[in-house]
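> Have a look at this one.
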Amino acid sequence: MATLAKLLSSICVCVIVMLTTKAVEATPTYTATHCTNTTTYAPNSTFQTNLDILLYYFSNNISQSNGYFLGITGFNSVNAVGGLFLCRGDVATTVCNQCLTTAIKEIRQHCPNQTEALIWYDECLVHYTNRYFAVDKIDPRVNLNDGNIVSSVDLGRFNQSLHGLLNDLATEASGSSESKKFAAGEVVVTESMTVYGLMQCTNDLTNSECGTCLKNAIGTIPNGKQGARALLPSCNVRYQLYPFFTSSSPSSSGGMKLGPGTIAVVVVVPIFFLIILFLGCYYFKRRSKKKILLPSIMENFGDEFPTLESLQFNLATLEAATNQFSLANKIGSGGFGEVYKGVLLDSRQIAVKKLSKTSGQGTIEFKNEIVLIAKLQHRNLVTLYGFCSEEQEKMLVYEYVLNKSLDYFLFDPHKERVLSWRERYNIIGGIARGIHYLHDQSRLKVIHRDLKPSNILLDKNMNPKISDFGMAKMIDIDEHQGNTKRIAGTYGYMSSEYAMHGHYSEKSDVFSFGVIIIEIISAKRNALSLHSLDFDDLLSYAWKNWRDEKSLEILDSNIEKSYSYIEVIRCIQIGLLCVQQNPDDRPTMERIVSYLSNVSVELPLPQEPGGFMGNRTNQIPRDNISDQRNNSNTTGSSVNDITMNNSFPR
């Protein structure tokens, strides 16, 4: 009886849900909102008055707008507000009007006091802004998808059919001779699968602008999904595996479709339907359990989610691999959390970087590191196996790198052995090739911003692997620098233009690399106490010895009997070139790789180096240069050192 009661209860719930769906079918279907979240307007301000007037115009022009209206208030003033509304090209007038009425009412509730807001429904779009939405940009935007298609489908065939449909629709919509730039259609993939697509531009775009916008939107659509959308301010693209648009004209059909609620009313009595309905509810309930992680992941990664889904580990897998994150498996700790060694069921050794729940900053670095490393592959970069975002836990899963980090072999007084010069020279070359890849050879131009020995891992053959991309920045491949108000890095490795003004570029990474070269040669840290006024930093000390033709004074005494004079002198010279005060005087990583691989290439002469604290005048004996570990709380771990980074106020 209890089982039967549960059965009947489940059936009733499903039927009620379906009937409710039918009852509210005429209600617009909310899709997404984009708010600036950076600039707001004050209550009762001129901007609010202009926005009130604009939305009033919107409301009063719905009935005679034919589904589109563009307006601006406060024109030619700093408080100008522009906006538009647009209905989907196939919906009936009554559906359009109801959607616009709802959207105009809801947009400010979703984005209170925002100077820019966009709200999308299945049937319409409303947006306003205090600036200009560039047609050739893909931001702001929202991407949505319905998950992967079933594994039995030929993905190659599916994607070919999908992109053929989308390209044809883009051509049709952007080539329209009418003001309404809209197209919808379908393509048969297999006997049991048809893809339906729709795209539309706002009426104010030229045909060329519409084509550009749709092309950019299509470029953000993921492959191999059951359905997906790209929602931009001036255009939108959508495809599904079921019909979602009206194939005939709105006036003839009214946009009405036979919904599941109607079907439920017609066949709710027959017991056979009830059984089928129950089985359907049970099936979808099980599917929802499997997808319980999706909201958390999408919250963290947004439109990057489709490319990262395959990298996801569940918490139970990582708990088993690390023996429930036991103390015996802990191999490091730092400002963002702790690092544990583990072994997966396929015998791969991993290092799990577990972010602290109390670290708000760590969430930013978590997303940044996954998005970056997932797109970068090089022998001198650490390999990311995946991540976990579950039950408020955030973890990064890397290959386990056997020989700890470079700073352990350079600075730890209890290190097991000393690096030979041959190993040091190979490490310098490997780091250079890794940075060169980030700057010039990857699909993205990446500025690391936190290069230092603790972020250089060494594998079993002492090959270097650059790690910890939490602070890294992507810039356009044709750009050379960026700016930030958040100065994040480590004292002693930051160039002056970055530390003082927030200007980061390839040349700020080059500066950090130069510091690392001098540290590898000397086995001394560059970073002295911020409060010390008595001693030179390592760079000044190296420069003075170079100037006085006593360069080998900085060489680590542990390798004085076995080194290559030519290679050491050349590396010191390269290191000093990298830390020049003027970024333009520093070589590119491409040039540095050339210097290291070809000893016949003549090097420029370095000038006095620049640094964050400036140069000091008192010369010091070599043994007085600090080789003490800083406050990075490293433990010789073999994964991202996650040391505490210093932030300098400006």
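Residues are referred to by chain and number: the chain letter is A, B, ... according to the order shown in the structure tokens, the number counts from 1 in that chain, and ligands are numbered separately from 1 in the order shown.
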Can you tell me, as a ChimeraX atom specification, which residues in stretch 340-567 of chain A count as strand (DSSP E or B) by DSSP?
/A:340-343,349-355,381,384-390,393-399,405,445-447,456-458,464-466,473-475,481-483,488-489,503-505
> Determine, counting only C-alpha atoms, which protein, DNA and RNA residues have an atom within 12 Å of an atom of A:Ser557; residues of the same chain fewer than 3 positions away are not included. Present the result as a CSV table (one decimal) with C-alpha atoms, in the first residue's frame.

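Ended up saving to result.csv:
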```
chain,number,residue,atom,x,y,z
A,418,VAL,CA,72.4,20.6,-4.9
A,419,LEU,CA,71.4,21.3,-8.5
A,420,SER,CA,74.4,20.9,-10.9
A,421,TRP,CA,75.1,23.7,-13.4
A,521,ILE,CA,72.8,31.1,-10.7
A,522,SER,CA,73.4,32.5,-7.1
A,523,ALA,CA,70.9,30.3,-5.1
A,524,LYS,CA,70.0,33.5,-3.3
A,552,LEU,CA,81.3,35.2,-11.0
A,553,GLU,CA,81.1,36.7,-7.5
A,554,ILE,CA,77.4,35.9,-7.5
A,560,GLU,CA,82.1,26.7,-8.3
A,561,LYS,CA,84.2,23.7,-9.3
A,562,SER,CA,81.8,22.4,-12.1
A,563,TYR,CA,80.3,25.0,-14.4
A,622,ARG,CA,78.3,38.2,-0.9
A,623,ASP,CA,77.5,36.1,2.2
```
> From the options A:Glu186, A:Glu391, A:Asp548, A:Asp122, which residue's atoms come nearest to A:Leu169, counting only C-alpha atoms?
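Closest to A:Leu169, using only C-alpha atoms: A:Glu186.
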> Could you work out how far atom CA of A:Asn50 lies from atom CA of A:Glu116, giving the answer in Å with one decimal?
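Separation of atom CA of A:Glu116 and atom CA of A:Asn50: 12.9 Å.
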> Find the residue from A:Lys473, A:Lys452, A:Arg433, A:Arg229 that sits nearest to A:Ser594; use only C-alpha atoms when measuring.
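With only C-alpha atoms as the atom set, the closest residue is A:Arg433.
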> Which of these residues is nearest to A:Arg586, using only C-alpha atoms: A:Phe513, A:Phe69, A:Tyr437, A:Tyr121?
A:Phe513
> Determine, counting only C-alpha atoms, which protein, DNA and RNA residues have an atom within 8 Å of an atom of A:Gln580; residues of the same chain fewer than 3 positions away are not included. Present the result as a list in words.
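Listing them by chain and then by number gives Phe511, Leu576, Leu577, Pro583, Asp585, Arg586, Pro606, Gln607, Glu608, Pro609 and Gly610 of chain A.
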> When DSSP is applied to the backbone of this structure, which of stretch 414-460 of chain A are assigned helix (DSSP H, G or I)? Write them out as a list in words.
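Output for stretch 414-460 of chain A, helix (DSSP H, G or I) only: Trp421, Arg422, Glu423, Arg424, Tyr425, Asn426, Ile427, Ile428, Gly429, Gly430, Ile431, Ala432, Arg433, Gly434, Ile435, His436, Tyr437, Leu438, His439, Asp440, Gln441, Pro453, Ser454 and Asn455 of chain A.
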> I'd like the neighbourhood of A:Leu318 as a ChimeraX atom specification, where a residue qualifies if any of its atoms comes within 9 Å (using only C-alpha atoms), though same-chain residues fewer than 4 positions away should be ignored.
/A:313-314,322-325,342-344,352,388,397
